[in-house]
file input.cif (mmCIF, C-alpha atoms)
data_final
#
loop_
_atom_site.group_PDB
_atom_site.id
_atom_site.type_symbol
_atom_site.label_atom_id
_atom_site.label_comp_id
_atom_site.auth_asym_id
_atom_site.auth_seq_id
_atom_site.Cartn_x
_atom_site.Cartn_y
_atom_site.Cartn_z
ATOM 1 C CA MET A 1 32.895 -3.698 -36.089
ATOM 2 C CA LYS A 2 31.777 -4.522 -32.586
ATOM 3 C CA HIS A 3 34.514 -2.300 -31.232
ATOM 4 C CA ALA A 4 33.275 0.584 -33.401
ATOM 5 C CA PHE A 5 29.733 0.177 -32.077
ATOM 6 C CA ASP A 6 31.023 0.176 -28.500
ATOM 7 C CA LYS A 7 32.940 3.354 -29.251
ATOM 8 C CA LYS A 8 29.801 5.001 -30.550
ATOM 9 C CA ILE A 9 27.755 3.910 -27.547
ATOM 10 C CA ASP A 10 30.452 5.250 -25.250
ATOM 11 C CA ALA A 11 30.489 8.537 -27.142
ATOM 12 C CA VAL A 12 26.715 8.925 -26.726
ATOM 13 C CA LEU A 13 26.914 8.104 -23.036
ATOM 14 C CA HIS A 14 29.830 10.518 -22.715
ATOM 15 C CA ARG A 15 27.724 13.276 -24.240
ATOM 16 C CA ILE A 16 24.960 12.622 -21.711
ATOM 17 C CA ALA A 17 27.465 12.459 -18.869
ATOM 18 C CA HIS A 18 29.051 15.798 -19.673
ATOM 19 C CA VAL A 19 25.997 17.839 -20.326
ATOM 20 C CA GLN A 20 26.011 21.066 -18.333
ATOM 21 C CA PRO A 21 23.084 23.209 -17.225
ATOM 22 C CA GLU A 22 22.790 26.848 -18.142
ATOM 23 C CA PRO A 23 24.911 28.944 -15.765
ATOM 24 C CA GLY A 24 23.190 30.142 -12.616
ATOM 25 C CA LEU A 25 21.096 27.013 -11.975
ATOM 26 C CA GLU A 26 21.914 27.089 -8.250
ATOM 27 C CA LYS A 27 20.717 30.682 -7.981
ATOM 28 C CA ARG A 28 17.502 29.885 -9.804
ATOM 29 C CA ILE A 29 16.867 26.868 -7.568
ATOM 30 C CA HIS A 30 17.589 28.954 -4.479
ATOM 31 C CA ALA A 31 15.212 31.697 -5.595
ATOM 32 C CA ARG A 32 12.439 29.223 -6.337
ATOM 33 C CA LEU A 33 12.920 27.469 -2.997
ATOM 34 C CA GLU A 34 12.704 30.790 -1.166
ATOM 35 C CA ARG A 35 9.562 31.726 -3.075
ATOM 36 C CA GLU A 36 7.972 28.379 -2.331
ATOM 37 C CA SER A 37 9.020 28.508 1.301
ATOM 38 C CA ALA A 38 7.406 31.946 1.744
ATOM 39 C CA ARG A 39 4.242 30.698 0.053
ATOM 40 C CA MET A 40 4.142 27.666 2.351
ATOM 41 C CA GLU A 41 4.549 29.844 5.447
ATOM 42 C CA LYS A 42 1.471 31.827 4.433
ATOM 43 C CA ASN A 43 -0.618 28.768 3.686
ATOM 44 C CA PRO A 44 -2.713 27.866 6.774
ATOM 45 C CA ALA A 45 -3.190 24.282 5.588
ATOM 46 C CA VAL A 46 0.571 23.771 5.530
ATOM 47 C CA ARG A 47 0.897 25.301 9.002
ATOM 48 C CA LEU A 48 -1.853 23.064 10.337
ATOM 49 C CA ARG A 49 -0.241 20.027 8.765
ATOM 50 C CA ARG A 50 3.101 20.942 10.276
ATOM 51 C CA PHE A 51 1.484 21.346 13.697
ATOM 52 C CA PHE A 52 -0.127 17.923 13.480
ATOM 53 C CA LEU A 53 3.091 16.344 12.261
ATOM 54 C CA ALA A 54 5.054 17.909 15.111
ATOM 55 C CA GLN A 55 2.522 16.715 17.697
ATOM 56 C CA ARG A 56 1.865 13.344 16.118
ATOM 57 C CA LEU A 57 3.213 11.389 19.096
ATOM 58 C CA ALA A 58 0.922 13.223 21.489
ATOM 59 C CA PHE A 59 -2.047 12.680 19.174
ATOM 60 C CA ALA A 60 -1.256 8.995 18.807
ATOM 61 C CA ALA A 61 -1.027 8.589 22.599
ATOM 62 C CA ALA A 62 -4.315 10.450 23.113
ATOM 63 C CA ALA A 63 -6.044 8.310 20.500
ATOM 64 C CA THR A 64 -4.740 5.127 22.162
ATOM 65 C CA VAL A 65 -5.951 6.254 25.600
ATOM 66 C CA ALA A 66 -9.368 7.184 24.182
ATOM 67 C CA GLY A 67 -9.625 3.795 22.470
ATOM 68 C CA CYS A 68 -8.749 1.958 25.694
ATOM 69 C CA ALA A 69 -11.302 4.025 27.650
ATOM 70 C CA VAL A 70 -14.044 3.175 25.165
ATOM 71 C CA MET A 71 -13.163 -0.517 25.417
ATOM 72 C CA VAL A 72 -13.198 -0.500 29.255
ATOM 73 C CA VAL A 73 -16.500 1.420 29.480
ATOM 74 C CA GLY A 74 -18.080 -0.872 26.907
ATOM 75 C CA SER A 75 -16.892 -3.959 28.758
ATOM 76 C CA VAL A 76 -18.222 -2.682 32.129
ATOM 77 C CA GLN A 77 -21.584 -1.813 30.616
ATOM 78 C CA HIS A 78 -21.827 -5.215 29.013
ATOM 79 C CA SER A 79 -21.049 -6.949 32.347
ATOM 80 C CA ARG A 80 -23.748 -4.912 34.107
ATOM 81 C CA GLN A 81 -26.287 -5.767 31.478
ATOM 82 C CA LYS A 82 -25.482 -9.466 31.894
ATOM 83 C CA ALA A 83 -25.796 -9.211 35.698
ATOM 84 C CA LEU A 84 -29.216 -7.594 35.402
ATOM 85 C CA GLU A 85 -30.373 -10.291 33.016
ATOM 86 C CA GLY A 86 -29.396 -12.977 35.607
ATOM 87 C CA VAL A 87 -31.994 -11.754 38.233
ATOM 88 C CA ALA A 88 -35.367 -13.641 38.280
ATOM 89 C CA PRO A 89 -38.042 -11.681 36.515
ATOM 90 C CA PRO A 90 -41.269 -10.655 38.304
ATOM 91 C CA ALA A 91 -43.982 -13.339 38.629
ATOM 92 C CA GLY A 92 -46.278 -13.830 35.722
ATOM 93 C CA ILE A 93 -43.732 -12.787 33.162
ATOM 94 C CA HIS A 94 -43.304 -15.139 30.311
ATOM 95 C CA LEU A 95 -39.723 -16.024 29.591
ATOM 96 C CA GLY A 96 -39.088 -17.132 26.115
ATOM 97 C CA ALA A 97 -36.253 -19.391 25.180
ATOM 98 C CA PRO A 98 -34.246 -17.022 23.026
ATOM 99 C CA GLU A 99 -31.067 -19.074 22.892
ATOM 100 C CA SER A 100 -32.793 -22.325 21.932
ATOM 101 C CA GLY A 101 -34.445 -20.746 18.963
ATOM 102 C CA VAL A 102 -37.735 -22.430 19.916
ATOM 103 C CA GLY A 103 -40.859 -20.353 19.819
ATOM 104 C CA ALA A 104 -43.028 -18.996 22.607
ATOM 105 C CA ALA A 105 -44.958 -22.272 23.071
ATOM 106 C CA SER A 106 -41.959 -23.974 24.624
ATOM 107 C CA GLY A 107 -40.987 -21.013 26.699
ATOM 108 C CA VAL A 108 -40.941 -21.133 30.479
ATOM 109 C CA ARG A 109 -44.119 -19.841 32.100
ATOM 110 C CA ILE A 110 -44.011 -18.799 35.691
ATOM 111 C CA SER A 111 -47.289 -18.932 37.553
ATOM 112 C CA PRO A 112 -48.366 -15.662 39.137
ATOM 113 C CA GLN A 113 -49.341 -17.506 42.409
ATOM 114 C CA PRO A 114 -48.137 -20.701 44.121
ATOM 115 C CA MET A 115 -50.073 -23.779 43.006
ATOM 116 C CA VAL A 116 -52.151 -25.420 45.799
ATOM 117 C CA ALA A 117 -53.144 -29.072 45.584
ATOM 118 C CA PRO A 118 -56.933 -29.750 45.914
ATOM 119 C CA GLU A 119 -57.903 -31.202 49.358
ATOM 120 C CA ASN A 120 -60.148 -34.221 48.444
ATOM 121 C CA THR A 121 -58.024 -35.479 45.731
ATOM 122 C CA HIS A 122 -57.210 -39.111 45.240
ATOM 123 C CA ALA A 123 -55.829 -41.206 42.536
ATOM 124 C CA ARG A 124 -58.071 -42.125 39.700
ATOM 125 C CA SER A 125 -56.830 -45.668 40.041
ATOM 126 C CA GLU A 126 -54.819 -47.603 42.515
ATOM 127 C CA ARG A 127 -52.296 -49.873 41.124
ATOM 128 C CA LYS A 128 -50.708 -52.820 42.716
ATOM 129 C CA VAL A 129 -47.645 -54.209 41.228
ATOM 130 C CA THR A 130 -47.306 -57.974 41.305
ATOM 131 C CA ASN A 131 -44.770 -59.864 39.331
ATOM 132 C CA GLY A 132 -43.797 -56.703 37.575
ATOM 133 C CA ARG A 133 -47.292 -56.147 36.203
ATOM 134 C CA ALA A 134 -49.679 -53.418 37.239
ATOM 135 C CA THR A 135 -53.077 -54.482 38.524
ATOM 136 C CA VAL A 136 -55.992 -52.157 38.498
ATOM 137 C CA LEU A 137 -58.169 -52.724 41.544
ATOM 138 C CA LYS A 138 -61.830 -53.136 41.046
ATOM 139 C CA ASP A 139 -62.821 -50.496 43.583
ATOM 140 C CA ALA A 140 -60.620 -47.906 42.006
ATOM 141 C CA HIS A 141 -62.446 -44.701 41.172
ATOM 142 C CA LYS A 142 -63.169 -44.518 37.565
ATOM 143 C CA PRO A 143 -65.342 -42.228 35.594
ATOM 144 C CA THR A 144 -68.577 -43.901 34.815
ATOM 145 C CA GLY A 145 -68.910 -45.600 31.512
ATOM 146 C CA VAL A 146 -65.313 -46.591 31.196
ATOM 147 C CA ALA A 147 -64.883 -50.317 30.784
ATOM 148 C CA VAL A 148 -61.939 -51.837 32.518
ATOM 149 C CA PRO A 149 -60.941 -55.343 31.494
ATOM 150 C CA GLY A 150 -60.587 -57.770 34.325
ATOM 151 C CA SER A 151 -57.216 -59.074 35.399
ATOM 152 C CA PRO A 152 -56.487 -62.594 34.142
ATOM 153 C CA GLU A 153 -55.376 -63.612 37.670
ATOM 154 C CA GLN A 154 -58.791 -62.766 39.158
ATOM 155 C CA LYS A 155 -60.638 -65.043 36.797
ATOM 156 C CA PRO A 156 -62.232 -68.009 38.501
ATOM 157 C CA MET B 1 24.574 15.562 -11.200
ATOM 158 C CA LEU B 2 20.797 15.806 -10.742
ATOM 159 C CA TYR B 3 20.630 17.810 -13.924
ATOM 160 C CA ARG B 4 22.507 15.109 -15.823
ATOM 161 C CA VAL B 5 20.290 12.382 -14.388
ATOM 162 C CA ALA B 6 17.193 14.281 -15.499
ATOM 163 C CA TYR B 7 18.734 15.169 -18.838
ATOM 164 C CA SER B 8 19.668 11.553 -19.602
ATOM 165 C CA VAL B 9 15.972 10.682 -19.572
ATOM 166 C CA ILE B 10 14.223 13.805 -20.803
ATOM 167 C CA ARG B 11 16.939 15.203 -23.136
ATOM 168 C CA ASN B 12 15.659 18.723 -22.933
ATOM 169 C CA ALA B 13 17.628 21.395 -21.091
ATOM 170 C CA ALA B 14 14.657 23.439 -19.860
ATOM 171 C CA GLU B 15 12.713 20.414 -18.685
ATOM 172 C CA ALA B 16 15.773 18.907 -16.999
ATOM 173 C CA GLU B 17 16.280 22.139 -15.077
ATOM 174 C CA ASP B 18 12.633 22.187 -14.104
ATOM 175 C CA ILE B 19 12.948 18.632 -12.815
ATOM 176 C CA VAL B 20 15.958 19.580 -10.668
ATOM 177 C CA GLN B 21 14.004 22.477 -9.174
ATOM 178 C CA GLU B 22 10.996 20.230 -8.583
ATOM 179 C CA ALA B 23 13.237 17.681 -6.841
ATOM 180 C CA PHE B 24 14.484 20.327 -4.413
ATOM 181 C CA LEU B 25 10.942 21.533 -3.848
ATOM 182 C CA ARG B 26 9.963 18.021 -2.855
ATOM 183 C CA VAL B 27 12.819 17.977 -0.387
ATOM 184 C CA LEU B 28 11.519 21.237 1.062
ATOM 185 C CA ARG B 29 8.001 19.831 1.362
ATOM 186 C CA HIS B 30 9.204 16.667 3.088
ATOM 187 C CA LYS B 31 11.926 18.156 5.228
ATOM 188 C CA GLU B 32 10.404 16.531 8.339
ATOM 189 C CA LYS B 33 11.370 13.147 6.906
ATOM 190 C CA LEU B 34 15.000 14.074 6.243
ATOM 191 C CA ASN B 35 16.142 12.501 9.511
ATOM 192 C CA GLU B 36 14.708 9.138 8.483
ATOM 193 C CA ILE B 37 16.620 9.044 5.185
ATOM 194 C CA ARG B 38 19.739 6.936 5.176
ATOM 195 C CA ASP B 39 21.395 8.131 1.981
ATOM 196 C CA ALA B 40 20.240 11.637 1.081
ATOM 197 C CA ARG B 41 22.240 11.644 -2.155
ATOM 198 C CA VAL B 42 20.577 8.499 -3.487
ATOM 199 C CA TRP B 43 17.207 9.740 -2.246
ATOM 200 C CA LEU B 44 17.600 13.012 -4.120
ATOM 201 C CA VAL B 45 18.723 11.291 -7.328
ATOM 202 C CA ARG B 46 15.814 8.913 -7.012
ATOM 203 C CA ILE B 47 13.344 11.797 -6.760
ATOM 204 C CA ALA B 48 14.814 13.470 -9.853
ATOM 205 C CA TRP B 49 14.919 10.134 -11.680
ATOM 206 C CA ASN B 50 11.271 9.352 -10.957
ATOM 207 C CA LEU B 51 10.191 12.869 -11.885
ATOM 208 C CA ALA B 52 12.059 12.564 -15.182
ATOM 209 C CA LEU B 53 10.526 9.168 -15.936
ATOM 210 C CA ASP B 54 7.071 10.564 -15.146
ATOM 211 C CA ARG B 55 7.565 13.487 -17.489
ATOM 212 C CA LYS B 56 8.935 11.248 -20.212
ATOM 213 C CA ARG B 57 5.872 9.035 -19.895
ATOM 214 C CA ARG B 58 3.572 12.041 -20.156
ATOM 215 C CA ALA B 59 5.630 13.526 -22.978
ATOM 216 C CA LYS B 60 5.044 10.446 -25.124
ATOM 217 C CA THR B 61 1.724 11.953 -26.150
ATOM 218 C CA ARG B 62 3.299 15.170 -27.401
ATOM 219 C CA PRO B 63 6.148 15.656 -29.912
ATOM 220 C CA GLU B 64 9.634 15.189 -28.523
ATOM 221 C CA THR B 65 11.776 18.263 -28.074
ATOM 222 C CA GLU B 66 15.202 16.739 -27.632
ATOM 223 C CA ASP B 67 18.130 19.088 -27.830
ATOM 224 C CA ILE B 68 21.189 16.933 -27.453
ATOM 225 C CA ASP B 69 23.176 19.564 -29.351
ATOM 226 C CA ALA B 70 22.452 22.184 -26.725
ATOM 227 C CA HIS B 71 25.070 20.756 -24.421
ATOM 228 C CA ALA B 72 27.762 21.311 -27.050
ATOM 229 C CA ARG B 73 27.773 24.959 -26.073
ATOM 230 C CA THR B 74 29.096 24.016 -22.667
ATOM 231 C CA LEU B 75 31.878 21.711 -23.868
ATOM 232 C CA THR B 76 35.406 22.947 -24.385
ATOM 233 C CA THR B 77 36.693 23.145 -27.963
ATOM 234 C CA ALA B 78 38.924 20.108 -27.460
ATOM 235 C CA GLU B 79 36.110 18.076 -25.962
ATOM 236 C CA ARG B 80 33.756 19.076 -28.750
ATOM 237 C CA ARG B 81 36.244 18.127 -31.432
ATOM 238 C CA ALA B 82 36.980 14.754 -29.824
ATOM 239 C CA ASP B 83 33.274 14.084 -29.450
ATOM 240 C CA GLN B 84 32.453 14.940 -33.028
ATOM 241 C CA GLU B 85 35.289 12.801 -34.350
ATOM 242 C CA VAL B 86 33.595 9.695 -33.006
ATOM 243 C CA ILE B 87 29.985 10.567 -33.585
ATOM 244 C CA SER B 88 27.942 13.194 -35.370
ATOM 245 C CA SER B 89 24.936 14.857 -33.753
ATOM 246 C CA GLN B 90 22.617 13.036 -36.096
ATOM 247 C CA GLU B 91 24.139 9.698 -35.247
ATOM 248 C CA CYS B 92 23.966 10.526 -31.569
ATOM 249 C CA ALA B 93 20.247 11.250 -31.854
ATOM 250 C CA ARG B 94 19.801 7.988 -33.753
ATOM 251 C CA ILE B 95 21.573 5.976 -31.044
ATOM 252 C CA LEU B 96 19.562 7.715 -28.349
ATOM 253 C CA GLY B 97 16.470 6.662 -30.269
ATOM 254 C CA LEU B 98 17.747 3.094 -30.202
ATOM 255 C CA ILE B 99 18.393 3.367 -26.465
ATOM 256 C CA ASP B 100 14.724 4.290 -26.063
ATOM 257 C CA ARG B 101 13.808 1.042 -27.778
ATOM 258 C CA LEU B 102 15.666 -1.049 -25.191
ATOM 259 C CA PRO B 103 13.682 -2.843 -22.459
ATOM 260 C CA LYS B 104 12.862 -0.524 -19.566
ATOM 261 C CA LYS B 105 15.193 -2.070 -16.977
ATOM 262 C CA GLU B 106 18.183 -2.267 -19.306
ATOM 263 C CA ARG B 107 17.597 1.262 -20.598
ATOM 264 C CA GLU B 108 17.416 2.721 -17.108
ATOM 265 C CA ALA B 109 20.580 0.963 -15.956
ATOM 266 C CA LEU B 110 22.472 2.104 -19.059
ATOM 267 C CA LEU B 111 21.380 5.740 -18.733
ATOM 268 C CA LEU B 112 22.213 5.892 -15.044
ATOM 269 C CA SER B 113 25.589 4.286 -15.713
ATOM 270 C CA ALA B 114 26.325 7.209 -18.043
ATOM 271 C CA VAL B 115 26.246 9.572 -15.063
ATOM 272 C CA GLU B 116 29.809 9.171 -13.896
ATOM 273 C CA GLU B 117 29.207 10.461 -10.393
ATOM 274 C CA LEU B 118 26.979 7.494 -9.619
ATOM 275 C CA SER B 119 28.533 4.235 -8.450
ATOM 276 C CA THR B 120 27.041 0.845 -9.266
ATOM 277 C CA THR B 121 25.912 0.572 -5.640
ATOM 278 C CA GLU B 122 24.051 3.860 -5.923
ATOM 279 C CA ILE B 123 22.482 2.896 -9.240
ATOM 280 C CA ALA B 124 21.356 -0.356 -7.619
ATOM 281 C CA ALA B 125 19.790 1.611 -4.751
ATOM 282 C CA ILE B 126 17.988 3.939 -7.169
ATOM 283 C CA CYS B 127 16.616 1.002 -9.167
ATOM 284 C CA SER B 128 15.872 -0.998 -5.975
ATOM 285 C CA THR B 129 17.930 -3.972 -7.060
ATOM 286 C CA THR B 130 21.348 -5.547 -6.536
ATOM 287 C CA GLU B 131 24.703 -4.463 -7.900
ATOM 288 C CA SER B 132 25.168 -7.668 -9.865
ATOM 289 C CA SER B 133 21.782 -7.208 -11.438
ATOM 290 C CA ILE B 134 22.731 -3.678 -12.511
ATOM 291 C CA ARG B 135 25.998 -4.951 -14.018
ATOM 292 C CA SER B 136 24.217 -7.617 -16.013
ATOM 293 C CA ARG B 137 21.534 -5.123 -17.132
ATOM 294 C CA ILE B 138 24.197 -2.735 -18.414
ATOM 295 C CA PHE B 139 25.966 -5.592 -20.189
ATOM 296 C CA ARG B 140 22.709 -6.764 -21.797
ATOM 297 C CA ALA B 141 21.795 -3.202 -22.776
ATOM 298 C CA ARG B 142 25.111 -2.620 -24.529
ATOM 299 C CA LYS B 143 24.903 -5.968 -26.287
ATOM 300 C CA GLU B 144 21.350 -5.299 -27.435
ATOM 301 C CA LEU B 145 22.262 -1.787 -28.540
ATOM 302 C CA ALA B 146 25.207 -3.049 -30.575
ATOM 303 C CA LEU B 147 22.868 -5.577 -32.187
ATOM 304 C CA LEU B 148 20.337 -2.877 -33.052
ATOM 305 C CA LEU B 149 23.134 -0.723 -34.514
ATOM 306 C CA ALA B 150 24.389 -3.650 -36.594
ATOM 307 C CA LYS B 151 20.854 -4.300 -37.846
ATOM 308 C CA GLU B 152 20.471 -0.650 -38.798
ATOM 309 C CA ARG B 153 23.757 -0.682 -40.647
ATOM 310 C CA GLY B 154 22.775 -3.890 -42.397
ATOM 311 C CA GLY B 155 19.476 -2.318 -43.453
ATOM 312 C CA GLN B 156 21.139 0.784 -44.895
#

call {"tool": "encode", "arguments": {"input": "input.cif", "output": "structure tokens"}}
result
Amino acid sequence: MKHAFDKKIDAVLHRIAHVQPEPGLEKRIHARLERESARMEKNPAVRLRRFFLAQRLAFAAAATVAGCAVMVVGSVQHSRQKALEGVAPPAGIHLGAPESGVGAASGVRISPQPMVAPENTHARSERKVTNGRATVLKDAHKPTGVAVPGSPEQKP
Amino acid sequence: MLYRVAYSVIRNAAEAEDIVQEAFLRVLRHKEKLNEIRDARVWLVRIAWNLALDRKRRAKTRPETEDIDAHARTLTTAERRADQEVISSQECARILGLIDRLPKKEREALLLSAVEELSTTEIAAICSTTESSIRSRIFRARKELALLLAKERGGQ
């Protein structure tokens, strides 16, 4: 039985394998190809596509060069920008601390003029260090009304 | 050969011829790529094969117009007689229907194996697989087909 089935399968496959087209298929294919070829020649889109395909190496090279040029120009511009940022800004300009993320209060402030120390200045207190402890002298200038406790060493 | 490849899938003379013409048109449209193709024969068969599968897929929505008898006109009297001794046209159509019920991979390998001009290596290239895989697919397809035939006979 199995042999009979195989025979039938072979017969079906044989039928498929020996099927023949209507005579003149080559001529019909040739005619259609010629028609299509003429139509393609007239089509400007096809011509344009063919031109781009033919010149694709040149276009690829040009695109690469353009890309490199953009990268170089961008890099040079970026370097210049950085160099300009490195120069000290004019006096009186407030520099924030953009990289720290801290607000304007902690920003660097540059004084518009050099700071001059007052002439008759003196320390509000004079300290003398003995045995690692600071001693406030009695004659030290203090604002009036400020009580200063006496040093335990000066007690009688 | 292209006609037979297309016919094995679509089983309609007019459509198979149209597929062959379409395959050559594709070659014309992509003639710039011809230099890159290793095996033009396999490439061409593959185009026709894919076109036929596409059409078959689309044709599933409309009634089938198989004309397996049409090829009988092209067979010699001796061939026709030998063919009909083994299998009637009705039975042939029935077996082709069973072939359509086979899993896709097995069905494709079996149909391509029917085209005598194609070697197993070429069938493997068309299906993008190995020769051994094609051999086992054909074996499985025949086994499955024999089983389906036996079931049908049992049911009758």

call {"tool": "atom_distance", "arguments": {"input": "input.cif", "atom1": "CA of Phe51 in chain A", "atom2": "CA of Ala69 in chain A"}}
result
25.7 Å

call {"tool": "resolve_selection", "arguments": {"input": "input.cif", "expression": "the PyMOL selection byres ((chain B and resi 21) around 9)", "output": "PDB file with C-alpha atoms, in the frame of the given file"}}
result
ATOM      1  CA  LEU A  25      21.096  27.013 -11.975  1.00  0.00           C
ATOM      2  CA  ARG A  28      17.502  29.885  -9.804  1.00  0.00           C
ATOM      3  CA  ILE A  29      16.867  26.868  -7.568  1.00  0.00           C
ATOM      4  CA  HIS A  30      17.589  28.954  -4.479  1.00  0.00           C
ATOM      5  CA  ARG A  32      12.439  29.223  -6.337  1.00  0.00           C
ATOM      6  CA  LEU A  33      12.920  27.469  -2.997  1.00  0.00           C
TER       7      LEU A  33
ATOM      8  CA  ALA B  16      15.773  18.907 -16.999  1.00  0.00           C
ATOM      9  CA  GLU B  17      16.280  22.139 -15.077  1.00  0.00           C
ATOM     10  CA  ASP B  18      12.633  22.187 -14.104  1.00  0.00           C
ATOM     11  CA  ILE B  19      12.948  18.632 -12.815  1.00  0.00           C
ATOM     12  CA  VAL B  20      15.958  19.580 -10.668  1.00  0.00           C
ATOM     13  CA  GLU B  22      10.996  20.230  -8.583  1.00  0.00           C
ATOM     14  CA  ALA B  23      13.237  17.681  -6.841  1.00  0.00           C
ATOM     15  CA  PHE B  24      14.484  20.327  -4.413  1.00  0.00           C
ATOM     16  CA  LEU B  25      10.942  21.533  -3.848  1.00  0.00           C
ATOM     17  CA  ARG B  26       9.963  18.021  -2.855  1.00  0.00           C
TER      18      ARG B  26
END

call {"tool": "atom_distance", "arguments": {"input": "input.cif", "atom1": "CA of Arg56 in chain A", "atom2": "CA of Glu36 in chain B"}}
result
15.5 Å

call {"tool": "resolve_selection", "arguments": {"input": "input.cif", "expression": "the PyMOL selection byres ((chain B) within 6 of (chain A))", "output": "PyMOL selection string"}}
result
chain B and resi 8+21+71+92+114-115+146

call {"tool": "axis_aligned_box", "arguments": {"input": "input.cif", "around": "range 29-36 of chain B", "padding_each_side": "8 Å", "output": "JSON"}}
result
{"center_x": 12.1, "center_y": 14.5, "center_z": 5.4, "size_x": 24.1, "size_y": 26.7, "size_z": 24.1}

call {"tool": "resolve_selection", "arguments": {"input": "input.cif", "expression": "the PyMOL selection byres ((chain B and resi 47-55) around 9)", "output": "PDB file with C-alpha atoms, keeping the file's coordinate frame"}}
result
ATOM      1  CA  LEU B   2      20.797  15.806 -10.742  1.00  0.00           C
ATOM      2  CA  TYR B   3      20.630  17.810 -13.924  1.00  0.00           C
ATOM      3  CA  VAL B   5      20.290  12.382 -14.388  1.00  0.00           C
ATOM      4  CA  ALA B   6      17.193  14.281 -15.499  1.00  0.00           C
ATOM      5  CA  TYR B   7      18.734  15.169 -18.838  1.00  0.00           C
ATOM      6  CA  SER B   8      19.668  11.553 -19.602  1.00  0.00           C
ATOM      7  CA  VAL B   9      15.972  10.682 -19.572  1.00  0.00           C
ATOM      8  CA  ILE B  10      14.223  13.805 -20.803  1.00  0.00           C
ATOM      9  CA  GLU B  15      12.713  20.414 -18.685  1.00  0.00           C
ATOM     10  CA  ALA B  16      15.773  18.907 -16.999  1.00  0.00           C
ATOM     11  CA  ILE B  19      12.948  18.632 -12.815  1.00  0.00           C
ATOM     12  CA  VAL B  20      15.958  19.580 -10.668  1.00  0.00           C
ATOM     13  CA  GLU B  22      10.996  20.230  -8.583  1.00  0.00           C
ATOM     14  CA  ALA B  23      13.237  17.681  -6.841  1.00  0.00           C
ATOM     15  CA  PHE B  24      14.484  20.327  -4.413  1.00  0.00           C
ATOM     16  CA  ARG B  26       9.963  18.021  -2.855  1.00  0.00           C
ATOM     17  CA  VAL B  27      12.819  17.977  -0.387  1.00  0.00           C
ATOM     18  CA  VAL B  42      20.577   8.499  -3.487  1.00  0.00           C
ATOM     19  CA  TRP B  43      17.207   9.740  -2.246  1.00  0.00           C
ATOM     20  CA  LEU B  44      17.600  13.012  -4.120  1.00  0.00           C
ATOM     21  CA  VAL B  45      18.723  11.291  -7.328  1.00  0.00           C
ATOM     22  CA  ARG B  46      15.814   8.913  -7.012  1.00  0.00           C
ATOM     23  CA  LYS B  56       8.935  11.248 -20.212  1.00  0.00           C
ATOM     24  CA  ARG B  57       5.872   9.035 -19.895  1.00  0.00           C
ATOM     25  CA  ARG B  58       3.572  12.041 -20.156  1.00  0.00           C
ATOM     26  CA  ALA B  59       5.630  13.526 -22.978  1.00  0.00           C
ATOM     27  CA  LYS B  60       5.044  10.446 -25.124  1.00  0.00           C
ATOM     28  CA  ILE B 126      17.988   3.939  -7.169  1.00  0.00           C
TER      29      ILE B 126
END

call {"tool": "atom_distance", "arguments": {"input": "input.cif", "atom1": "CA of Ala40 in chain B", "atom2": "CA of Ile134 in chain B"}}
result
20.6 Å

call {"tool": "closest_residue", "arguments": {"input": "input.cif", "among": "B:Arg101, B:Arg107, B:Arg11, B:Lys143", "to": "Cys127 in chain B", "atoms": "only C-alpha atoms"}}
result
B:Arg107
